[in-house]
Amino acid sequence: MSKPKRIPGRSVPPLRWPWLVAFFAGSLTLFGCGSDREPGGEGITTILFKHGKIAGDPAKLAEIIAVFEAENPGIRVKDETLPASTDEQHQFYVINLGAGSADFDVLSMDVIWIAEFARLGWLRDLSHLLGESERQKFFHGPIEAVTYEGKIYAIPWYIDAGLLYFRKDLLQEYGYSPPQTWDELVGIARAVTAQEDELYGFIWQGKQYEGLVCNALEYLWSHGGEVIQNGEVVLNSPQNVKALQFMRDLITEYQVSPALVTTMIEEPTRHIFGNGRALFLRNWPYAWNIFQQEGSAIKGKVGVCKLPAFPGFESASTLGGWQLGVNGNSKHPQAAEKFIEFMTSPRIQKRLALTVGYKPTRIALYNDPELLREQPFFAMLYDVFTHARPRPVSPYYMMITQVLQPEFSAVVSGIRTPSEALQSAHKQIVRVLEMGD
Amino acid sequence: MKKTAFYLVLIGLAVFCLGPLFWQFLTSLKPDAEITRLPPLWPHHLTFVHYVAVFAGRPFLRIIFNSALVAMLTTGFALAIGSLAAFALARLPVVGKAFILGAVLSISMFPPIATVSPLYVIIRTLGLRDTPWALAFTYTTFSLPLTVWILTRFFRSVPRELFHAARVDGCSPFQTFVRVFVPLAAPGLFATAILVFIYSWNEFLFALTFTSTTRSRTIPVEIALFPGLHEMPWGDIAAASIIVTLPLVVLVFAFQRRIVEGLTAGSIKG
Amino acid sequence: MKDRGEVMVFPAGAALLLVAAYPVVLVFWFSLCRKNPIFGVSEFIGLANYQHLFAEPRFWNALKNTVYFTGVSVTLEMILGLSVALLLNRVFRGRGMMRAIILVPWAIPTVVSARMWEWMYNTDFGVLNYLLGTQVNWLGDPFWAMNAAIFMDVWKTTPFVVLLLTAGLQVIPRELYAAARIDGAGGWATFWRVTLPLLLPTILVVLLFRTLDAFRIFDAIYVLTGGGPANTTETLSIYAYKSLFQTLQFGYGSALAVVVFVCVGLISVLYIRLLSGQARR
């Protein structure tokens with residue numbers, strides 16, 4: 001038997017190995033050294049600011065940080081970005097803070113996490129940063145959301161709330177003014193879409209995700225209902241059943257909303273409205289600037305107002321927005337607190353509003369002449385933000401929303417009736433709260 | 001007749017595979033205002049603004065480099081130790097062979113989300129956060145089951161006579177492995193290499209958890225950083241996806257010959 | 001000849017042990033505990049998580065969705081993948097290009113492809129409805145949503161099957177085909193008597209890994225539907241993810257992961273018994 005032939009060209013030619021080794025060795029030296037936290041140096045404290053992706057040009061944030069460093073010579077701030085997705089950020093914090101990480105000092109948090117993180121001991125008590133009089137300077141909703149057991153665990157950084165966009169050119173053409181009640185909205189939508197082609201009446205976000213809870217609560221609240229009141233679950237109430245039924249009726253009975261809203265999140269609805277294919281849109285303030293951009297099909301044709309309510313009740317809007325907190329394990333809490341005070345100060349909030357479009361959480365800024373001149377939109381937003389209500393402020397909110405999301409989704413998709421869904425959700429939430437005590 | 005049918009099927013296949021990517025390509029050339037307008041299918045105005053945006057304000061080339069480095073390390077490690085183990089499991093006596101194969105496979109039976117938290121603790125303890133090593137080690141480990149199983153199968157397909165012949169000729173097991181088995185199992189090796197490379201290139205969960213800055217960030221995490229809180233810059237994402245898929249396609253095209261040129265006739269019958 | 005293979009197996013074994021052992025052990029341990037930091041609980045409770053799990057309708061819903069998804073998706077991928085691999089086994093011009101094209105769906109990162117399909121499936125401005133001229137609510141209708149996810153998965157992962165089966169076809173000696181032809185066997189008979197039996201071991205491995213992956217599917221469906229509408233597309237992995245990272249039920253979430261492990265393990269044993277029995281014949 002002969003030796004197995006060496007098949008030409010089969011193995012990696014010997015010449016290539018040294019290059020590969022050199023490449024790896026080079027990379028090793030470049031990256032091999034572990035963590036990159038520069039040693040403080042004499043008296044320099046370095047803090048790490050962890051946040052979701054900032055809208056727009058990252059250079060704007062870098063400039064603001066540079067201002068802070070100039071005014072606070074002993075502190076250096078490094079910032080690291082997380083994906084904007086609220087789920088991915090929550091997951092990141094669960095893994096990191098759950099492992100007791102002290103790698104970052106300041107973190108940006110969704111408005112629904114504060115009670116949860118506070119309860120888990122992941123946040124430092126910041127009550128001393130916001131005395132009674134200071135708290136009054138912020139909108140009420142965010143302050144409620146960052147308070148847990150009487151203490152403040154985060155400072156509201158920027159605010160978000162649901163509002164109603166409408167095609168003011170179409171409303172004017174058909175002689176309507178913006179709707180104050182849901183019935184008016186339905187009436188206007190039916191009347192106008194009957195005359196216009198290729199126009200949806202009212203689109204909103206109905207996919208099974210957190211945004212659906214935001215949408216649904218706006219109907220529940222504007223019908224006088226609530227999820228939890230004074231520590232008690234009041235979800236399964238006649239008002240709530242009616243409110244949810246109305247949501248479903250928008251699709252089936254009144255037919256002003258297409259069935260496809262049950263798959264929509266913010267951007268797809270923004271696109272449809274932005275292409276001029278819808279009369280009313282429920283969305284967050286971010287969309288305004290996009291609608292007014294060059295090339296937008298509806299530039300100059302959009303109006304905004306508070307969301308409608310049911311007759312006899314007040315308009316309600318779900319509160320969004322992000323808050324800044326200090327990692328409970330942070331090694332530099334004082335520096336971190338200084339940074340947070342800076343970032344939530346009036347002048348920086350104003351600067352963020354002008355450069356990045358973040359809506360300030362400080363009430364006074366909504367009377368600021370320069371802001372109003374640059375962004376006249378802000379005047380309308382003030383009313384919305386004062387009426388913005390936080391979702392149930394509870395350390396168990398994540399569990400509560402995991403109960404609500406599929407049930408609300410079942411209602412808008414027609415899989416369950418509102419009373420079935422609310423009954424089931426009510427029971428589950430009661431169980432959650434019981435387990436907590 | 002048969003030939004036309006054959007080519008028709010091929011074209012259908014190409015359309016099926018490339019269709020969505022082509023749609024991405026079209027989207028990447030449309031200005032923002034046109035992206036969700038249908039009709040028309042084709043862009044009215046062609047623009048490269050999205051391709052520019054992909055590189056503006058972020059070190060995208062560095063990110064691609066990170067991904068390439070991690071993928072190459074992973075593929076190298078996984079193939080090296082995986083093929084070694086597979087050879088032994090295929091042709092040498094090993095105690096508890098079935099158990100080892102089963103244990104190796106069972107690593108792949110857990111949803112990655114369940115293992116990410118404990119893994120993070122390990123990575124942190126070893127001080128490997130935000131380095132390519134964290135990803136390379138993790139990816140290698142999770143690629144081993146596929147590598148070992150596929151290559152064991154391919155090494156088994158090499159006839160025993162060749163193994164014995166080489167041993168009789170004085171080769172050590174290792175030399176037999178390198179000189180005889182590796183060349184003959186080349187199709188499996190290259191196919192596995194491609195799969196491991198692509199897995200490493202596209203993996204997201206561990207990359208998100210173990211990296212924090214552009215020092216070691218890989219492509220999927222960078223793309224996850226494109227969207228804002230509510231905004232989704234679909235044109236930019238489409239452009240980025242074209243940019244990062246093309247190298248892989250080129251890679252595959254370069255290596256696919258190696259997969260099929262495995263055996264020339266007569267090479268086995270020695 | 002006293003070769004032993006343990007030394008060669010050692011590096012791989014060590015890597016797996018070092019990296020994977022701790023997480024795996026921890027998952028099993030947590031599954032036996034009630035561990036929820038929000039409730040401040042961390043205690044051993046034996047099999048109570050599993051009892052709770054089996055009594056929970058949401059679990060059975062997730063299991064049903066997972067089994068359906070895996071069964072349909074893997075079947076389609078294997079059939080399609082095998083057909084394409086056989087097709088590309090012939091020699092023709094542009095074969096190399098074709099092979100690279102086939103791999104494109106697998107090469108696109110999931111973070112992108114899932115979003116891409118979400119937009120293609122969009123009822124209003126999605127290209128699918130536009131090309132078909134329909135108004136189907138692909139992702140909002142409980143029936144269509146799961147099947148839309150399956151279609152997307154088949155598109156994405158068939159290249160994996162094709163690639164490995166192509167490699168597997170290469171190690172079948174060509175002389176056997178020639179011999180079959182001389183014996184007068186037609187295409188189908190050749191396939192059945194020559195190709196298939198020799199390809200079976202590779203098919204087994206591919207089937208195994210595809211099933212493993214399909215059973216654990218998470219990212220793609222989560223982006224597409226979030227598990228909705230009303231949890232009708234929620235798979236075990238999505239359920240586990242929400243339990244672990246949204247509601248911080250580490251014990252229960254780990255138990256779900258173990259259930260996935262056990263199910264996949266059983267299926268693997270089944271495959272190996274069934275198919276390697278065949279292969280040996």
# chains A, B, ... in the order shown; residues from 1 in each chain; ligands from 1
call {"tool": "residues_around", "arguments": {"residues": "region 151-168 of chain B", "least_positions_apart": "2", "cutoff": "10 Å", "atoms": "only C-alpha atoms", "output": "ChimeraX atom specification"}}
result
/A:1-4 /B:79,82-91,101,145-149,170-173,175-177,179-182,184-189,191-192,268-270 /C:1,167-168,171-172,198,201-202,204-205
call {"tool": "residues_around", "arguments": {"residues": "region 50-64 of chain B", "least_positions_apart": "5", "cutoff": "10 Å", "atoms": "only C-alpha atoms", "output": "ChimeraX atom specification"}}
result
/A:56-59 /B:27-32,69-70,201,213-223,226,233-244,247
call {"tool": "write_last_selection", "arguments": {"atoms": "C-alpha atoms", "output": "CSV table (one decimal), in the first residue's frame"}}
result
chain,number,residue,atom,x,y,z
A,56,GLY,CA,-29.1,62.9,16.9
A,57,ASP,CA,-25.4,63.8,16.8
A,58,PRO,CA,-23.4,62.2,19.6
A,59,ALA,CA,-21.1,65.3,19.5
B,27,THR,CA,-34.4,51.0,0.6
B,28,SER,CA,-30.8,52.0,1.3
B,29,LEU,CA,-30.8,54.2,-1.8
B,30,LYS,CA,-34.1,55.9,-1.1
B,31,PRO,CA,-34.3,59.2,0.7
B,32,ASP,CA,-36.1,59.0,4.0
B,69,LEU,CA,-11.1,39.8,14.7
B,70,VAL,CA,-13.5,38.0,16.9
B,201,TRP,CA,-20.2,37.7,13.0
B,213,THR,CA,-17.4,50.6,24.1
B,214,THR,CA,-16.1,50.6,20.5
B,215,ARG,CA,-13.0,48.9,21.8
B,216,SER,CA,-14.6,45.6,21.3
B,217,ARG,CA,-18.1,46.3,20.1
B,218,THR,CA,-19.2,44.1,17.2
B,219,ILE,CA,-21.5,44.8,14.3
B,220,PRO,CA,-24.8,43.5,15.6
B,221,VAL,CA,-24.6,45.7,18.7
B,222,GLU,CA,-23.6,48.7,16.6
B,223,ILE,CA,-26.6,48.3,14.4
B,226,PHE,CA,-28.8,53.0,15.2
B,233,PRO,CA,-33.5,55.2,10.8
B,234,TRP,CA,-34.5,52.4,8.4
B,235,GLY,CA,-32.5,53.8,5.5
B,236,ASP,CA,-29.3,53.8,7.5
B,237,ILE,CA,-29.9,50.3,8.9
B,238,ALA,CA,-30.6,49.0,5.4
B,239,ALA,CA,-27.3,50.5,4.2
B,240,ALA,CA,-25.4,49.1,7.1
B,241,SER,CA,-26.9,45.6,6.5
B,242,ILE,CA,-25.7,45.7,2.9
B,243,ILE,CA,-22.2,46.8,4.1
B,244,VAL,CA,-21.9,44.0,6.6
B,247,PRO,CA,-17.9,40.6,3.1
call {"tool": "residues_around", "arguments": {"residues": "Pro40 (chain B)", "least_positions_apart": "3", "cutoff": "12 Å", "atoms": "only C-alpha atoms", "output": "ChimeraX atom specification"}}
result
/B:26-27,30,34-37,43-45 /C:125,127,130-131
call {"tool": "write_last_selection", "arguments": {"atoms": "N, CA and C atoms", "output": "compact mmCIF listing (two decimals), in the first residue's frame"}}
result
# COMPACT_ATOMS: atom_id res chain seq x y z
N LEU B 26 -32.49 48.51 -2.26
CA LEU B 26 -33.30 49.60 -2.80
C LEU B 26 -33.63 50.61 -1.71
N THR B 27 -34.02 50.08 -0.55
CA THR B 27 -34.37 50.97 0.55
C THR B 27 -33.19 51.84 0.93
N LYS B 30 -32.99 54.99 -1.08
CA LYS B 30 -34.11 55.92 -1.12
C LYS B 30 -33.94 57.00 -0.05
N GLU B 34 -39.14 58.68 1.07
CA GLU B 34 -39.71 57.70 0.14
C GLU B 34 -39.75 56.29 0.70
N ILE B 35 -39.12 56.10 1.84
CA ILE B 35 -38.87 54.72 2.27
C ILE B 35 -40.13 53.90 2.45
N THR B 36 -41.21 54.49 2.92
CA THR B 36 -42.39 53.65 3.09
C THR B 36 -43.48 53.99 2.10
N ARG B 37 -43.11 54.56 0.98
CA ARG B 37 -44.14 54.83 -0.02
C ARG B 37 -44.14 53.73 -1.06
N PRO B 43 -36.72 53.69 -6.37
CA PRO B 43 -36.55 55.04 -5.84
C PRO B 43 -36.66 56.09 -6.95
N HIS B 44 -37.35 57.17 -6.61
CA HIS B 44 -37.42 58.28 -7.57
C HIS B 44 -36.11 59.04 -7.60
N HIS B 45 -35.60 59.27 -6.39
CA HIS B 45 -34.29 59.90 -6.31
C HIS B 45 -33.33 58.93 -5.67
N PHE C 125 -47.54 49.31 4.27
CA PHE C 125 -46.49 49.68 3.32
C PHE C 125 -45.48 48.56 3.10
N VAL C 127 -43.76 45.37 1.42
CA VAL C 127 -43.63 45.03 0.02
C VAL C 127 -44.35 43.73 -0.31
N TYR C 130 -47.85 44.42 -1.17
CA TYR C 130 -47.84 45.19 -2.41
C TYR C 130 -47.68 44.25 -3.60
N LEU C 131 -46.72 43.30 -3.48
CA LEU C 131 -46.48 42.41 -4.61
C LEU C 131 -47.63 41.43 -4.81
call {"tool": "residues_around", "arguments": {"residues": "Ser237 (chain C)", "least_positions_apart": "6", "cutoff": "10 Å", "atoms": "only C-alpha atoms", "output": "JSON, numbers by chain"}}
result
{"B": [110, 111, 112, 113, 114], "C": [62, 63, 66, 215, 216, 217, 218, 219, 221, 222, 243, 253, 256, 257, 260]}
call {"tool": "closest_residue", "arguments": {"among": "B:Ala5, B:Ala80, B:Val249, B:Ala68", "to": "chain C", "atoms": "only C-alpha atoms"}}
result
B:Val249
call {"tool": "closest_residue", "arguments": {"among": "B:Ala78, B:Cys17, B:Gly12, B:His230", "to": "Val154 (chain C)", "atoms": "only C-alpha atoms"}}
result
B:Cys17
call {"tool": "residues_around", "arguments": {"residues": "Arg135 (chain A)", "least_positions_apart": "2", "cutoff": "12 Å", "atoms": "only C-alpha atoms", "output": "list in words"}}
result
Leu126, Ser127, His128, Leu129, Leu130, Gly131, Glu132, Ser133, Lys137, Phe138, Phe139, His140, Gly141, Pro142, Ile143, Glu144, Val146, Thr147, Lys151, Ile152, Ala154, Ile155, Pro156, Thr361, Arg362 and Ile363 of chain A
call {"tool": "select_by_dssp", "arguments": {"residues": "region 288-323 of chain A", "states": "strand (DSSP E)", "output": "JSON, numbers by chain"}}
result
{"A": [302, 303, 304, 305, 317, 318, 319, 320, 321, 322, 323]}
call {"tool": "closest_atom_pairs", "arguments": {"of": "chain C", "to": "chain B", "cutoff": "6 Å", "atoms": "only C-alpha atoms", "output": "JSON lines"}}
result
{"residue": "C:Arg4", "atom": "CA", "partner": "B:Pro93", "partner_atom": "CA", "distance": 5.4}
{"residue": "C:Gly5", "atom": "CA", "partner": "B:Ala88", "partner_atom": "CA", "distance": 4.7}
{"residue": "C:Glu6", "atom": "CA", "partner": "B:Val94", "partner_atom": "CA", "distance": 5.6}
{"residue": "C:Met8", "atom": "CA", "partner": "B:Ala85", "partner_atom": "CA", "distance": 5.3}
{"residue": "C:Val9", "atom": "CA", "partner": "B:Ala85", "partner_atom": "CA", "distance": 4.1}
{"residue": "C:Pro11", "atom": "CA", "partner": "B:Ile81", "partner_atom": "CA", "distance": 5.9}
{"residue": "C:Ala12", "atom": "CA", "partner": "B:Ile81", "partner_atom": "CA", "distance": 5.4}
{"residue": "C:Leu16", "atom": "CA", "partner": "B:Thr141", "partner_atom": "CA", "distance": 5.6}
{"residue": "C:Pro23", "atom": "CA", "partner": "B:Pro118", "partner_atom": "CA", "distance": 5.0}
{"residue": "C:Ala100", "atom": "CA", "partner": "B:Phe253", "partner_atom": "CA", "distance": 4.9}
{"residue": "C:Ile108", "atom": "CA", "partner": "B:Thr245", "partner_atom": "CA", "distance": 5.7}
{"residue": "C:Pro109", "atom": "CA", "partner": "B:Asn202", "partner_atom": "CA", "distance": 4.8}
{"residue": "C:Phe125", "atom": "CA", "partner": "B:Thr36", "partner_atom": "CA", "distance": 5.7}
{"residue": "C:Ala167", "atom": "CA", "partner": "B:Pro187", "partner_atom": "CA", "distance": 5.0}
{"residue": "C:Gln170", "atom": "CA", "partner": "B:Val260", "partner_atom": "CA", "distance": 5.9}
{"residue": "C:Arg216", "atom": "CA", "partner": "B:Pro111", "partner_atom": "CA", "distance": 5.5}
{"residue": "C:Phe261", "atom": "CA", "partner": "B:Met109", "partner_atom": "CA", "distance": 5.0}
call {"tool": "write_last_selection", "arguments": {"atoms": "N, CA and C atoms", "output": "PDB file, in the first residue's frame"}}
result
ATOM      1  N   ARG C   4      -4.341   6.516  22.210  1.00  0.00           N
ATOM      2  CA  ARG C   4      -5.599   6.809  22.886  1.00  0.00           C
ATOM      3  C   ARG C   4      -5.970   8.225  22.505  1.00  0.00           C
ATOM      4  N   GLY C   5      -7.226   8.497  22.484  1.00  0.00           N
ATOM      5  CA  GLY C   5      -7.650   9.805  21.981  1.00  0.00           C
ATOM      6  C   GLY C   5      -7.867  10.860  23.046  1.00  0.00           C
ATOM      7  N   GLU C   6      -7.708  10.464  24.319  1.00  0.00           N
ATOM      8  CA  GLU C   6      -8.100  11.419  25.379  1.00  0.00           C
ATOM      9  C   GLU C   6      -7.364  12.740  25.299  1.00  0.00           C
ATOM     10  N   MET C   8      -6.293  14.305  22.761  1.00  0.00           N
ATOM     11  CA  MET C   8      -6.806  15.179  21.706  1.00  0.00           C
ATOM     12  C   MET C   8      -8.165  15.756  22.054  1.00  0.00           C
ATOM     13  N   VAL C   9      -8.894  15.021  22.851  1.00  0.00           N
ATOM     14  CA  VAL C   9     -10.225  15.518  23.210  1.00  0.00           C
ATOM     15  C   VAL C   9     -10.123  16.566  24.303  1.00  0.00           C
ATOM     16  N   PRO C  11      -8.477  19.479  24.966  1.00  0.00           N
ATOM     17  CA  PRO C  11      -8.664  20.936  24.825  1.00  0.00           C
ATOM     18  C   PRO C  11     -10.138  21.331  24.697  1.00  0.00           C
ATOM     19  N   ALA C  12     -10.858  20.596  23.844  1.00  0.00           N
ATOM     20  CA  ALA C  12     -12.270  20.940  23.664  1.00  0.00           C
ATOM     21  C   ALA C  12     -13.039  20.722  24.958  1.00  0.00           C
ATOM     22  N   LEU C  16     -15.050  23.582  27.161  1.00  0.00           N
ATOM     23  CA  LEU C  16     -16.473  23.477  27.488  1.00  0.00           C
ATOM     24  C   LEU C  16     -16.689  23.501  28.986  1.00  0.00           C
ATOM     25  N   PRO C  23     -22.347  28.098  34.134  1.00  0.00           N
ATOM     26  CA  PRO C  23     -23.704  28.535  33.795  1.00  0.00           C
ATOM     27  C   PRO C  23     -24.717  27.393  33.810  1.00  0.00           C
ATOM     28  N   ALA C 100     -22.868  30.946  -3.318  1.00  0.00           N
ATOM     29  CA  ALA C 100     -22.721  32.129  -2.469  1.00  0.00           C
ATOM     30  C   ALA C 100     -24.063  32.814  -2.277  1.00  0.00           C
ATOM     31  N   ILE C 108     -27.164  37.430   6.764  1.00  0.00           N
ATOM     32  CA  ILE C 108     -27.675  38.704   7.270  1.00  0.00           C
ATOM     33  C   ILE C 108     -27.863  38.605   8.783  1.00  0.00           C
ATOM     34  N   PRO C 109     -27.384  39.575   9.550  1.00  0.00           N
ATOM     35  CA  PRO C 109     -27.531  39.497  11.004  1.00  0.00           C
ATOM     36  C   PRO C 109     -29.003  39.444  11.392  1.00  0.00           C
ATOM     37  N   PHE C 125     -47.537  49.308   4.268  1.00  0.00           N
ATOM     38  CA  PHE C 125     -46.488  49.684   3.321  1.00  0.00           C
ATOM     39  C   PHE C 125     -45.484  48.560   3.101  1.00  0.00           C
ATOM     40  N   ALA C 167     -21.675  19.777   1.632  1.00  0.00           N
ATOM     41  CA  ALA C 167     -20.409  19.191   2.063  1.00  0.00           C
ATOM     42  C   ALA C 167     -20.563  17.683   2.214  1.00  0.00           C
ATOM     43  N   GLN C 170     -20.317  15.746  -0.920  1.00  0.00           N
ATOM     44  CA  GLN C 170     -18.996  15.660  -1.525  1.00  0.00           C
ATOM     45  C   GLN C 170     -18.240  14.423  -1.107  1.00  0.00           C
ATOM     46  N   ARG C 216     -35.184  26.577  20.367  1.00  0.00           N
ATOM     47  CA  ARG C 216     -34.756  27.651  21.243  1.00  0.00           C
ATOM     48  C   ARG C 216     -34.993  29.026  20.643  1.00  0.00           C
ATOM     49  N   PHE C 261     -34.268  22.341  27.650  1.00  0.00           N
ATOM     50  CA  PHE C 261     -33.145  21.415  27.601  1.00  0.00           C
ATOM     51  C   PHE C 261     -33.635  19.976  27.544  1.00  0.00           C
TER      52      PHE C 261
END
call {"tool": "select_by_dssp", "arguments": {"residues": "region 32-125 of chain C", "states": "alpha helix (DSSP H)", "output": "VMD selection string"}}
result
chain C and resid 48 to 54 57 to 87 95 to 102 104 to 107 110 to 120
call {"tool": "residues_around", "arguments": {"residues": "region 293-297 of chain A", "least_positions_apart": "5", "cutoff": "7 Å", "atoms": "only C-alpha atoms", "output": "PyMOL selection string"}}
result
(chain A and resi 274-276) or (chain B and resi 33)
call {"tool": "write_last_selection", "arguments": {"atoms": "N, CA and C atoms", "output": "PDB file, in the first residue's frame"}}
result
ATOM      1  N   GLY A 274     -47.106  60.146   8.273  1.00  0.00           N
ATOM      2  CA  GLY A 274     -46.161  61.020   7.585  1.00  0.00           C
ATOM      3  C   GLY A 274     -46.290  60.973   6.076  1.00  0.00           C
ATOM      4  N   ASN A 275     -46.820  59.880   5.564  1.00  0.00           N
ATOM      5  CA  ASN A 275     -47.054  59.787   4.130  1.00  0.00           C
ATOM      6  C   ASN A 275     -48.409  60.366   3.747  1.00  0.00           C
ATOM      7  N   GLY A 276     -49.083  60.928   4.742  1.00  0.00           N
ATOM      8  CA  GLY A 276     -50.371  61.555   4.455  1.00  0.00           C
ATOM      9  C   GLY A 276     -51.511  60.569   4.358  1.00  0.00           C
TER      10      GLY A 276
ATOM     11  N   ALA B  33     -37.939  60.207   2.990  1.00  0.00           N
ATOM     12  CA  ALA B  33     -39.353  60.462   2.727  1.00  0.00           C
ATOM     13  C   ALA B  33     -39.973  59.372   1.857  1.00  0.00           C
TER      14      ALA B  33
END
call {"tool": "closest_residue", "arguments": {"among": "C:Trp192, C:Phe92, C:Tyr241, C:Phe39", "to": "chain A", "atoms": "only C-alpha atoms"}}
result
C:Phe39
call {"tool": "closest_residue", "arguments": {"among": "C:Arg115, C:Arg273, C:Arg90, C:Arg95", "to": "chain A", "atoms": "only C-alpha atoms"}}
result
C:Arg115
call {"tool": "decode", "arguments": {"residues": "region 77-118 of chain C", "atoms": "C-alpha atoms", "output": "short mmCIF file (atom, residue, chain, number, x, y, z; two decimals), in the first residue's frame"}}
result
data_model
loop_
_atom_site.label_atom_id
_atom_site.label_comp_id
_atom_site.auth_asym_id
_atom_site.auth_seq_id
_atom_site.Cartn_x
_atom_site.Cartn_y
_atom_site.Cartn_z
CA GLU C 77 -35.96 23.51 5.89
CA MET C 78 -34.77 19.93 5.54
CA ILE C 79 -36.86 19.23 2.46
CA LEU C 80 -35.99 22.51 0.82
CA GLY C 81 -32.36 22.28 1.89
CA LEU C 82 -31.91 18.77 0.60
CA SER C 83 -33.53 19.63 -2.71
CA VAL C 84 -31.31 22.64 -3.19
CA ALA C 85 -28.19 20.75 -2.18
CA LEU C 86 -28.97 18.05 -4.73
CA LEU C 87 -29.72 20.68 -7.33
CA LEU C 88 -26.42 22.40 -6.75
CA ASN C 89 -24.57 19.13 -6.85
CA ARG C 90 -24.70 19.10 -10.61
CA VAL C 91 -21.98 20.87 -12.45
CA PHE C 92 -23.11 23.98 -14.24
CA ARG C 93 -21.80 27.39 -14.99
CA GLY C 94 -22.25 29.88 -12.22
CA ARG C 95 -22.43 27.16 -9.61
CA GLY C 96 -20.02 28.98 -7.36
CA MET C 97 -22.02 32.17 -7.59
CA MET C 98 -25.19 30.24 -6.88
CA ARG C 99 -23.68 28.72 -3.78
CA ALA C 100 -22.72 32.13 -2.47
CA ILE C 101 -26.18 33.49 -3.24
CA ILE C 102 -27.84 30.63 -1.38
CA LEU C 103 -25.96 31.60 1.74
CA VAL C 104 -27.08 35.22 1.77
CA PRO C 105 -30.14 34.78 4.03
CA TRP C 106 -27.99 33.07 6.65
CA ALA C 107 -25.38 35.80 6.41
CA ILE C 108 -27.67 38.70 7.27
CA PRO C 109 -27.53 39.50 11.00
CA THR C 110 -30.71 38.53 12.82
CA VAL C 111 -31.02 41.99 14.35
CA VAL C 112 -31.47 43.24 10.80
CA SER C 113 -33.34 40.42 9.13
CA ALA C 114 -36.09 40.22 11.71
CA ARG C 115 -36.76 43.95 11.41
CA MET C 116 -36.56 43.68 7.66
CA TRP C 117 -39.22 41.00 7.58
CA GLU C 118 -41.34 42.96 10.04
#
